[in-house]
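Engineer: Pasting input.tsv below, which is TSV, C-alpha atoms.
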```
chain	number	residue	atom	x	y	z
A	30	MET	CA	-16.54	16.08	25.61
A	31	ASN	CA	-18.58	14.47	22.85
A	32	SER	CA	-20.08	11.07	23.42
A	33	GLY	CA	-19.57	8.32	20.86
A	34	SER	CA	-23.15	8.64	19.61
A	35	GLU	CA	-22.79	12.38	19.28
A	36	ARG	CA	-19.66	11.96	17.19
A	37	GLU	CA	-21.35	9.46	14.90
A	38	THR	CA	-24.31	11.75	14.24
A	39	SER	CA	-22.30	14.97	14.12
A	40	GLU	CA	-22.19	17.14	11.05
A	41	ASP	CA	-18.40	16.82	11.34
A	42	SER	CA	-17.61	14.47	8.46
A	43	ARG	CA	-14.10	13.59	9.63
A	44	LEU	CA	-13.23	9.93	9.96
A	45	PHE	CA	-12.83	8.65	13.51
A	46	GLY	CA	-12.78	5.58	15.68
A	47	ILE	CA	-11.20	2.15	15.65
A	48	TRP	CA	-10.05	0.91	12.25
A	49	ALA	CA	-8.43	-2.45	11.58
A	50	PRO	CA	-5.78	-2.68	8.86
A	51	CYS	CA	-6.92	-6.21	8.13
A	52	ILE	CA	-4.82	-9.20	7.20
A	53	THR	CA	-5.31	-10.52	3.67
A	54	PRO	CA	-6.19	-14.22	3.61
A	55	VAL	CA	-4.64	-16.13	0.70
A	56	ASP	CA	-5.14	-19.65	-0.60
A	57	GLU	CA	-2.58	-22.39	-1.21
A	58	ASN	CA	-1.65	-20.72	-4.52
A	59	TYR	CA	-1.16	-17.37	-2.75
A	60	ALA	CA	-4.20	-15.82	-4.46
A	61	ILE	CA	-6.41	-13.55	-2.36
A	62	ASP	CA	-9.05	-15.67	-0.62
A	63	VAL	CA	-11.98	-13.31	-1.05
A	64	PRO	CA	-14.61	-15.34	0.87
A	65	ARG	CA	-12.34	-15.42	3.92
A	66	LEU	CA	-11.53	-11.71	3.46
A	67	CYS	CA	-15.24	-10.84	3.41
A	68	SER	CA	-15.86	-13.00	6.47
A	69	LEU	CA	-13.04	-11.23	8.30
A	70	ILE	CA	-14.27	-7.72	7.40
A	71	ASN	CA	-17.77	-8.57	8.61
A	72	TRP	CA	-16.40	-10.04	11.84
A	73	LEU	CA	-14.21	-7.00	12.50
A	74	GLN	CA	-17.09	-4.60	11.97
A	75	SER	CA	-19.43	-6.62	14.18
A	76	ASN	CA	-16.82	-6.82	16.94
A	77	GLY	CA	-16.11	-3.14	17.42
A	78	CYS	CA	-14.34	-1.66	14.41
A	79	HIS	CA	-15.79	1.53	13.02
A	80	GLY	CA	-14.14	0.59	9.74
A	81	VAL	CA	-11.58	-1.63	8.03
A	82	SER	CA	-8.53	-0.66	6.02
A	83	ILE	CA	-7.66	-3.17	3.31
A	84	PHE	CA	-4.29	-3.54	1.59
A	85	GLY	CA	-2.14	-1.82	4.17
A	86	THR	CA	1.12	-3.05	5.64
A	87	THR	CA	-0.53	-5.66	7.87
A	88	GLY	CA	-2.46	-6.82	4.79
A	89	GLU	CA	0.81	-7.49	2.90
A	90	ALA	CA	-0.18	-4.80	0.40
A	91	ALA	CA	3.22	-4.54	-1.27
A	92	SER	CA	2.87	-8.19	-2.30
A	93	PHE	CA	-0.32	-7.59	-4.30
A	94	SER	CA	-0.63	-5.98	-7.71
A	95	ALA	CA	-3.01	-3.20	-8.65
A	96	HIS	CA	-5.15	-5.69	-10.59
A	97	GLU	CA	-5.37	-8.08	-7.62
A	98	ARG	CA	-6.41	-5.31	-5.26
A	99	MET	CA	-9.06	-3.96	-7.63
A	100	SER	CA	-10.53	-7.38	-8.34
A	101	ALA	CA	-10.71	-8.26	-4.65
A	102	LEU	CA	-12.30	-4.91	-3.77
A	103	GLU	CA	-15.02	-5.45	-6.38
A	104	GLN	CA	-15.86	-8.84	-4.89
A	105	VAL	CA	-15.84	-7.47	-1.34
A	106	LEU	CA	-18.43	-4.85	-2.29
A	107	GLU	CA	-20.46	-7.39	-4.26
A	108	SER	CA	-20.75	-9.38	-1.01
A	109	GLY	CA	-22.73	-6.50	0.50
A	110	ILE	CA	-20.02	-4.82	2.62
A	111	SER	CA	-20.54	-1.05	2.80
A	112	PRO	CA	-17.90	1.03	0.99
A	113	ASP	CA	-18.33	3.80	3.58
A	114	ARG	CA	-16.71	1.59	6.20
A	115	LEU	CA	-13.68	0.69	4.10
A	116	MET	CA	-10.35	2.43	3.56
A	117	VAL	CA	-8.40	1.24	0.52
A	118	GLY	CA	-4.60	1.11	0.44
A	119	ASN	CA	-3.64	2.80	-2.84
A	120	GLY	CA	0.11	3.46	-2.55
A	121	PHE	CA	2.53	2.16	-5.20
A	122	PRO	CA	6.00	3.16	-6.36
A	123	ALA	CA	4.42	4.00	-9.74
A	124	ILE	CA	2.01	6.92	-9.48
A	125	THR	CA	0.06	5.62	-12.48
A	126	ASP	CA	-0.81	2.47	-10.49
A	127	THR	CA	-1.91	4.70	-7.63
A	128	VAL	CA	-4.15	6.63	-10.04
A	129	ASP	CA	-5.71	3.42	-11.39
A	130	VAL	CA	-6.45	1.94	-7.96
A	131	THR	CA	-7.77	5.24	-6.61
A	132	ARG	CA	-10.02	5.93	-9.58
A	133	HIS	CA	-11.31	2.37	-9.48
A	134	ALA	CA	-12.10	2.62	-5.75
A	135	LEU	CA	-14.05	5.84	-6.31
A	136	ASP	CA	-15.89	4.42	-9.30
A	137	ILE	CA	-17.31	1.59	-7.19
A	138	GLY	CA	-18.13	3.73	-4.18
A	139	CYS	CA	-15.04	3.76	-1.93
A	140	SER	CA	-13.92	7.31	-1.24
A	141	ASN	CA	-11.49	6.62	1.64
A	142	VAL	CA	-7.92	5.78	0.62
A	143	LEU	CA	-4.80	5.20	2.71
A	144	MET	CA	-1.96	6.65	0.65
A	145	LEU	CA	1.72	5.88	1.01
A	146	PRO	CA	4.15	8.16	-0.79
A	147	PRO	CA	5.95	6.61	-3.81
A	148	PHE	CA	8.42	4.50	-1.86
A	149	TYR	CA	11.20	3.12	-4.06
A	150	PHE	CA	13.45	6.11	-4.74
A	151	LYS	CA	14.99	7.42	-1.53
A	152	ASN	CA	15.38	10.97	-0.20
A	153	PRO	CA	12.92	12.67	-2.57
A	154	THR	CA	12.47	16.40	-2.20
A	155	ILE	CA	9.28	17.88	-0.82
A	156	ASP	CA	8.71	19.33	-4.28
A	157	GLY	CA	9.00	15.88	-5.84
A	158	LEU	CA	6.60	14.36	-3.34
A	159	CYS	CA	4.15	17.24	-3.82
A	160	ARG	CA	4.17	16.72	-7.56
A	161	SER	CA	3.56	12.98	-7.17
A	162	TYR	CA	0.56	13.50	-4.87
A	163	ARG	CA	-0.82	16.32	-6.96
A	164	TYR	CA	-0.51	14.25	-10.12
A	165	VAL	CA	-2.68	11.53	-8.55
A	166	PHE	CA	-5.23	14.02	-7.24
A	167	ASP	CA	-5.47	15.85	-10.55
A	168	GLN	CA	-5.73	12.67	-12.63
A	169	VAL	CA	-8.43	11.22	-10.40
A	170	ASN	CA	-10.14	14.62	-10.37
A	171	SER	CA	-12.89	13.97	-7.83
A	172	SER	CA	-14.01	16.04	-4.86
A	173	ASP	CA	-15.38	12.83	-3.30
A	174	LEU	CA	-11.87	11.55	-2.56
A	175	LYS	CA	-10.82	11.37	1.12
A	176	VAL	CA	-7.08	10.84	1.47
A	177	ILE	CA	-5.52	9.49	4.66
A	178	LEU	CA	-1.79	10.13	4.30
A	179	TYR	CA	0.27	7.17	5.49
A	180	HIS	CA	3.38	8.08	7.49
A	181	PHE	CA	5.44	4.92	8.04
A	182	PRO	CA	9.08	5.84	7.38
A	183	ARG	CA	10.44	2.64	8.97
A	184	MET	CA	8.89	0.66	6.09
A	185	SER	CA	8.52	3.18	3.27
A	186	THR	CA	11.69	5.16	4.18
A	187	ILE	CA	9.77	8.23	2.97
A	188	PRO	CA	8.47	10.47	5.78
A	189	ILE	CA	5.52	12.82	5.43
A	190	PRO	CA	6.64	16.07	7.08
A	191	SER	CA	4.26	18.86	8.01
A	192	PRO	CA	5.59	21.21	5.28
A	193	LEU	CA	4.51	18.61	2.70
A	194	ILE	CA	1.06	18.40	4.29
A	195	ASP	CA	0.79	22.19	4.28
A	196	GLU	CA	1.58	22.27	0.55
A	197	LEU	CA	-1.01	19.60	-0.24
A	198	VAL	CA	-3.65	21.35	1.87
A	199	ARG	CA	-2.94	24.59	0.02
A	200	SER	CA	-3.51	22.99	-3.37
A	201	HIS	CA	-6.09	20.27	-2.56
A	202	ASP	CA	-7.54	21.18	0.82
A	203	GLY	CA	-10.79	19.27	0.49
A	204	LEU	CA	-9.08	15.96	-0.32
A	205	ILE	CA	-6.66	15.66	2.62
A	206	ALA	CA	-8.86	14.04	5.26
A	207	GLY	CA	-6.27	12.74	7.71
A	208	LEU	CA	-3.05	10.91	8.45
A	209	LYS	CA	-2.03	7.58	9.92
A	210	ASP	CA	1.16	7.89	11.96
A	211	SER	CA	2.77	4.47	12.23
A	212	THR	CA	5.96	5.58	13.98
A	213	CYS	CA	4.56	4.40	17.36
A	214	ASP	CA	6.15	7.56	18.74
A	215	TRP	CA	3.96	9.76	20.91
A	216	ASP	CA	5.87	12.96	20.18
A	217	SER	CA	5.32	12.39	16.45
A	218	SER	CA	1.57	11.73	16.78
A	219	LYS	CA	1.10	14.62	19.20
A	220	ASP	CA	2.87	16.97	16.81
A	221	TYR	CA	0.61	15.96	13.91
A	222	ILE	CA	-2.50	16.36	16.08
A	223	GLU	CA	-1.47	19.80	17.26
A	224	ARG	CA	-0.23	21.07	13.87
A	225	HIS	CA	-3.17	19.80	11.83
A	226	PRO	CA	-6.34	20.06	13.95
A	227	GLN	CA	-8.52	20.10	10.82
A	228	MET	CA	-7.36	16.57	9.94
A	229	ALA	CA	-8.24	13.18	11.43
A	230	ILE	CA	-4.95	12.01	12.92
A	231	PHE	CA	-4.78	8.29	13.70
A	232	PRO	CA	-1.85	6.91	15.70
A	233	GLY	CA	-1.03	3.58	14.11
A	234	THR	CA	-0.92	1.79	17.44
A	235	ASP	CA	-3.56	1.15	20.09
A	236	ALA	CA	-0.81	1.78	22.66
A	237	LEU	CA	-1.33	5.49	21.93
A	238	LEU	CA	-5.12	5.38	21.58
A	239	LEU	CA	-6.10	6.98	24.89
A	240	LYS	CA	-3.33	9.59	24.78
A	241	GLY	CA	-4.32	10.47	21.24
A	242	LEU	CA	-8.01	10.81	22.05
A	243	GLU	CA	-7.25	13.05	25.02
A	244	CYS	CA	-5.11	15.26	22.78
A	245	GLY	CA	-7.65	15.53	19.95
A	246	GLY	CA	-6.75	12.50	17.85
A	247	ALA	CA	-9.35	10.64	15.81
A	248	GLY	CA	-8.83	7.12	17.16
A	249	THR	CA	-6.44	4.48	15.87
A	250	ILE	CA	-5.73	2.35	12.81
A	251	THR	CA	-4.07	-0.59	14.51
A	252	ALA	CA	-2.99	-4.07	13.48
A	253	THR	CA	-4.01	-5.73	16.74
A	254	ALA	CA	-7.64	-4.84	16.04
A	255	ASN	CA	-7.51	-7.93	13.82
A	256	VAL	CA	-7.77	-10.00	17.00
A	257	ASN	CA	-8.67	-7.53	19.78
A	258	ALA	CA	-11.23	-5.27	18.15
A	259	ALA	CA	-13.64	-5.45	21.09
A	260	GLY	CA	-10.97	-4.69	23.68
A	261	ILE	CA	-9.68	-1.69	21.75
A	262	ARG	CA	-13.19	-0.42	21.09
A	263	GLU	CA	-13.84	-0.57	24.85
A	264	VAL	CA	-11.12	2.05	25.37
A	265	TYR	CA	-12.72	4.31	22.78
A	266	ASP	CA	-16.24	3.93	24.16
A	267	LEU	CA	-15.22	4.50	27.78
A	268	TRP	CA	-13.38	7.67	26.80
A	269	SER	CA	-16.28	8.84	24.63
A	270	ASN	CA	-18.68	8.40	27.54
A	271	GLY	CA	-16.47	10.31	29.95
A	272	GLU	CA	-15.55	7.20	31.93
A	273	SER	CA	-12.13	6.00	33.04
A	274	ALA	CA	-10.45	4.02	30.26
A	275	GLU	CA	-7.02	3.44	31.83
A	276	LYS	CA	-7.55	-0.22	32.76
A	277	ALA	CA	-8.93	-1.09	29.33
A	278	GLN	CA	-6.02	0.77	27.76
A	279	GLN	CA	-3.50	-1.16	29.84
A	280	LYS	CA	-5.10	-4.46	28.87
A	281	ALA	CA	-4.99	-3.56	25.17
A	282	GLU	CA	-1.34	-2.60	25.51
A	283	THR	CA	-0.50	-5.91	27.19
A	284	ILE	CA	-2.08	-7.90	24.36
A	285	ARG	CA	-0.34	-5.77	21.76
A	286	SER	CA	3.07	-6.13	23.39
A	287	ILE	CA	2.77	-9.93	23.34
A	288	ILE	CA	1.71	-10.14	19.69
A	289	PHE	CA	4.30	-7.65	18.48
A	290	GLU	CA	7.13	-9.87	19.68
A	291	TYR	CA	6.58	-11.74	16.40
A	292	PRO	CA	6.30	-10.78	12.69
A	293	ILE	CA	2.92	-9.13	12.77
A	294	ALA	CA	1.17	-10.43	9.65
A	295	ALA	CA	2.28	-14.00	10.35
A	296	ALA	CA	1.32	-13.74	14.04
A	297	LEU	CA	-2.16	-12.38	13.34
A	298	LYS	CA	-2.81	-14.95	10.64
A	299	PHE	CA	-1.68	-17.73	12.94
A	300	LEU	CA	-4.03	-16.52	15.69
A	301	HIS	CA	-6.97	-16.63	13.30
A	302	SER	CA	-5.87	-20.08	12.18
A	303	HIS	CA	-5.52	-21.32	15.76
A	304	TYR	CA	-8.79	-19.98	17.15
A	305	ARG	CA	-10.79	-20.78	14.01
A	306	PHE	CA	-9.35	-24.33	13.85
A	307	ASP	CA	-8.54	-23.67	10.19
A	308	SER	CA	-4.92	-23.92	9.05
A	309	ALA	CA	-5.61	-22.11	5.76
A	310	TRP	CA	-5.76	-18.79	7.64
A	311	GLU	CA	-2.05	-18.81	8.46
A	312	ILE	CA	-0.81	-18.76	4.86
A	313	VAL	CA	1.23	-15.67	3.99
A	314	ARG	CA	2.45	-14.68	0.54
A	315	PRO	CA	6.20	-14.99	-0.04
A	316	PRO	CA	8.61	-13.53	0.82
A	317	LEU	CA	6.91	-13.66	4.24
A	318	SER	CA	6.90	-16.94	6.17
A	319	ILE	CA	4.52	-18.52	8.67
A	320	LEU	CA	5.58	-18.61	12.31
A	321	PRO	CA	7.84	-21.48	13.43
A	322	SER	CA	6.11	-24.02	15.66
A	323	SER	CA	8.09	-22.90	18.70
A	324	ASP	CA	6.90	-19.31	18.25
A	325	LYS	CA	3.31	-20.44	17.84
A	326	THR	CA	3.46	-22.26	21.16
A	327	LYS	CA	5.07	-19.31	22.96
A	328	LEU	CA	2.57	-16.84	21.52
A	329	ILE	CA	-0.48	-18.83	22.57
A	330	ARG	CA	0.91	-19.47	26.05
A	331	SER	CA	1.69	-15.80	26.59
A	332	LEU	CA	-1.77	-14.72	25.44
A	333	GLN	CA	-3.46	-17.35	27.60
A	334	LYS	CA	-1.53	-16.09	30.64
A	335	SER	CA	-2.86	-12.59	29.90
A	336	GLY	CA	-6.42	-13.94	29.85
A	337	PHE	CA	-6.86	-13.36	26.14
A	338	ALA	CA	-8.86	-15.70	23.87
A	339	LEU	CA	-10.89	-15.53	20.68
A	340	ASP	CA	-14.19	-17.25	20.00
A	341	PHE	CA	-15.46	-17.37	16.42
A	342	ARG	CA	-18.43	-19.64	17.11
A	343	GLU	CA	-21.77	-18.30	15.90
```
Using structure tokens, write down the structure from this file.
Structural biologist:
Amino acid sequence: MNSGSERETSEDSRLFGIWAPCITPVDENYAIDVPRLCSLINWLQSNGCHGVSIFGTTGEAASFSAHERMSALEQVLESGISPDRLMVGNGFPAITDTVDVTRHALDIGCSNVLMLPPFYFKNPTIDGLCRSYRYVFDQVNSSDLKVILYHFPRMSTIPIPSPLIDELVRSHDGLIAGLKDSTCDWDSSKDYIERHPQMAIFPGTDALLLKGLECGGAGTITATANVNAAGIREVYDLWSNGESAEKAQQKAETIRSIIFEYPIAAALKFLHSHYRFDSAWEIVRPPLSILPSSDKTKLIRSLQKSGFALDFRE
């Protein structure tokens, strides 16, 4: 078994570890609050995340235009955040928007992208999906690109079956770096890990982190890392060092189960607002809504009973 340090210095260039699909702070006019976003990314990376995925589902990506995402990414990198530790959500219904965001990310140094399939038209054929992905890859035309396919059929309604992956690997092998499986279903994640050992497979829930690691998974890209990065990283480090990680895994699962009783983006934003003593953090872009007061009270009480707390003091 490799230790964490061995994995990080290995010649194996696959992505791995704990990645947070971070919330996207917005201001009172619903514009992306870049200073708060940069602060959050830095905090996540200093509290255990190997990397941060921006403009995913937890980050309300579908509510932000291509221009907004590109502008925010430029400012994030200008703040000094390393592009190597970012993963950029680049999926749109229009493949030309996907091309623009992907090419822009590469041009400014970000090679890792988290790619939804085009998600408006339902029941596309594998051939149609292949042609959409291949169009993006061919238009971007860069061997530096690292694509993490994003399998989240509950939200996108478009699954990413293994035959589709096989077709993409045949035509663009060097670009397909991995897959995020957000079904929260162990059989699904296990199947991806076993069928595609050359890829970095990330279960999209920390509830499957330890199982995934033991089976050959890469880690997790999980929403609750927004508030429990250190606790989730503890599971990864214990496993990497050959130590028992079951208790840390159980604790992470308990925290996750409490938070996921509520709409996830609103719940995570509220927790940052509550523990930072800063109400601006809880703003979500419509059509999402902030948590009702009764839910806020229940959420904090449940987390306190579990022994969970956040401290953002320097």
Engineer: Taking into account all atoms listed in the file, which residue in the set A:Ser286, A:Thr154, A:Asn270, A:Ser331 is nearest to Thr253 in chain A?
Structural biologist: A:Ser286
Engineer: Within 7 Å of range 304-313 of chain A, counting all atoms listed in the file, which residues qualify if same-chain residues fewer than 4 places away don't, as a list in words?
Structural biologist: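 In the requested format, the answer is Pro54, Val55, Asp56, Ala295, Lys298, Phe299, Leu300, Leu317, Ser318, Ile319, Leu339, Asp340 and Phe341 of chain A.
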Engineer: Smallest atom-to-atom distance to Asp113 in chain A: which of A:His79, A:Lys240, A:Lys280, A:Lys334, using all atoms listed in the file?
Structural biologist: A:His79
Engineer: What does the structure give for the distance between CA of Cys67 in chain A and CA of Gly336 in chain A, in Å to one decimal?
Structural biologist: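 These two atoms are separated by 28.0 Å.
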Engineer: Find the spatial neighbours of range 256-269 of chain A, counting only C-alpha atoms, within a cut-off of 7 Å - ignore same-chain residues fewer than 3 positions away - and output them as a list in words.
Structural biologist: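 The residues that qualify are Asn31, Ser32, Gly33, Ile47, Leu73, Asn76, Gly77, Cys78, Asp235, Thr253, Glu272, Ser273, Ala274, Ala277, Gln278 and Ala281 of chain A.
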Engineer: Set the distance at 9 Å and use all atoms listed in the file: which residues neighbour Cys139 in chain A once local chain neighbours fewer than 5 positions away are removed? I'd like the list as a CSV table (one decimal) with C-alpha atoms, keeping the file's coordinate frame.
Structural biologist:
```csv
chain,number,residue,atom,x,y,z
A,111,SER,CA,-20.5,-1.0,2.8
A,112,PRO,CA,-17.9,1.0,1.0
A,113,ASP,CA,-18.3,3.8,3.6
A,114,ARG,CA,-16.7,1.6,6.2
A,115,LEU,CA,-13.7,0.7,4.1
A,116,MET,CA,-10.4,2.4,3.6
A,117,VAL,CA,-8.4,1.2,0.5
A,131,THR,CA,-7.8,5.2,-6.6
A,133,HIS,CA,-11.3,2.4,-9.5
A,134,ALA,CA,-12.1,2.6,-5.8
A,174,LEU,CA,-11.9,11.6,-2.6
```
Engineer: Pick from A:Thr125, A:Thr86, A:Ser161, A:Ser200: nearest to Tyr179 in chain A, with only C-alpha atoms counted?
Structural biologist: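 Of the candidates, the smallest distance to Tyr179 in chain A is held by A:Thr86.
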Engineer: Would you mind reading off the distance between CA of Val128 in chain A and CA of Phe166 in chain A, one decimal, in Å?
Structural biologist: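 Those two atoms sit 8.0 Å apart.
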Engineer: Using all atoms listed in the file - which residues lie no farther than 7 Å from the point (13.5, 8.7, 2.7) in the file's frame? Write them as a PyMOL selection string.
Structural biologist: chain A and resi 151-153+186-188
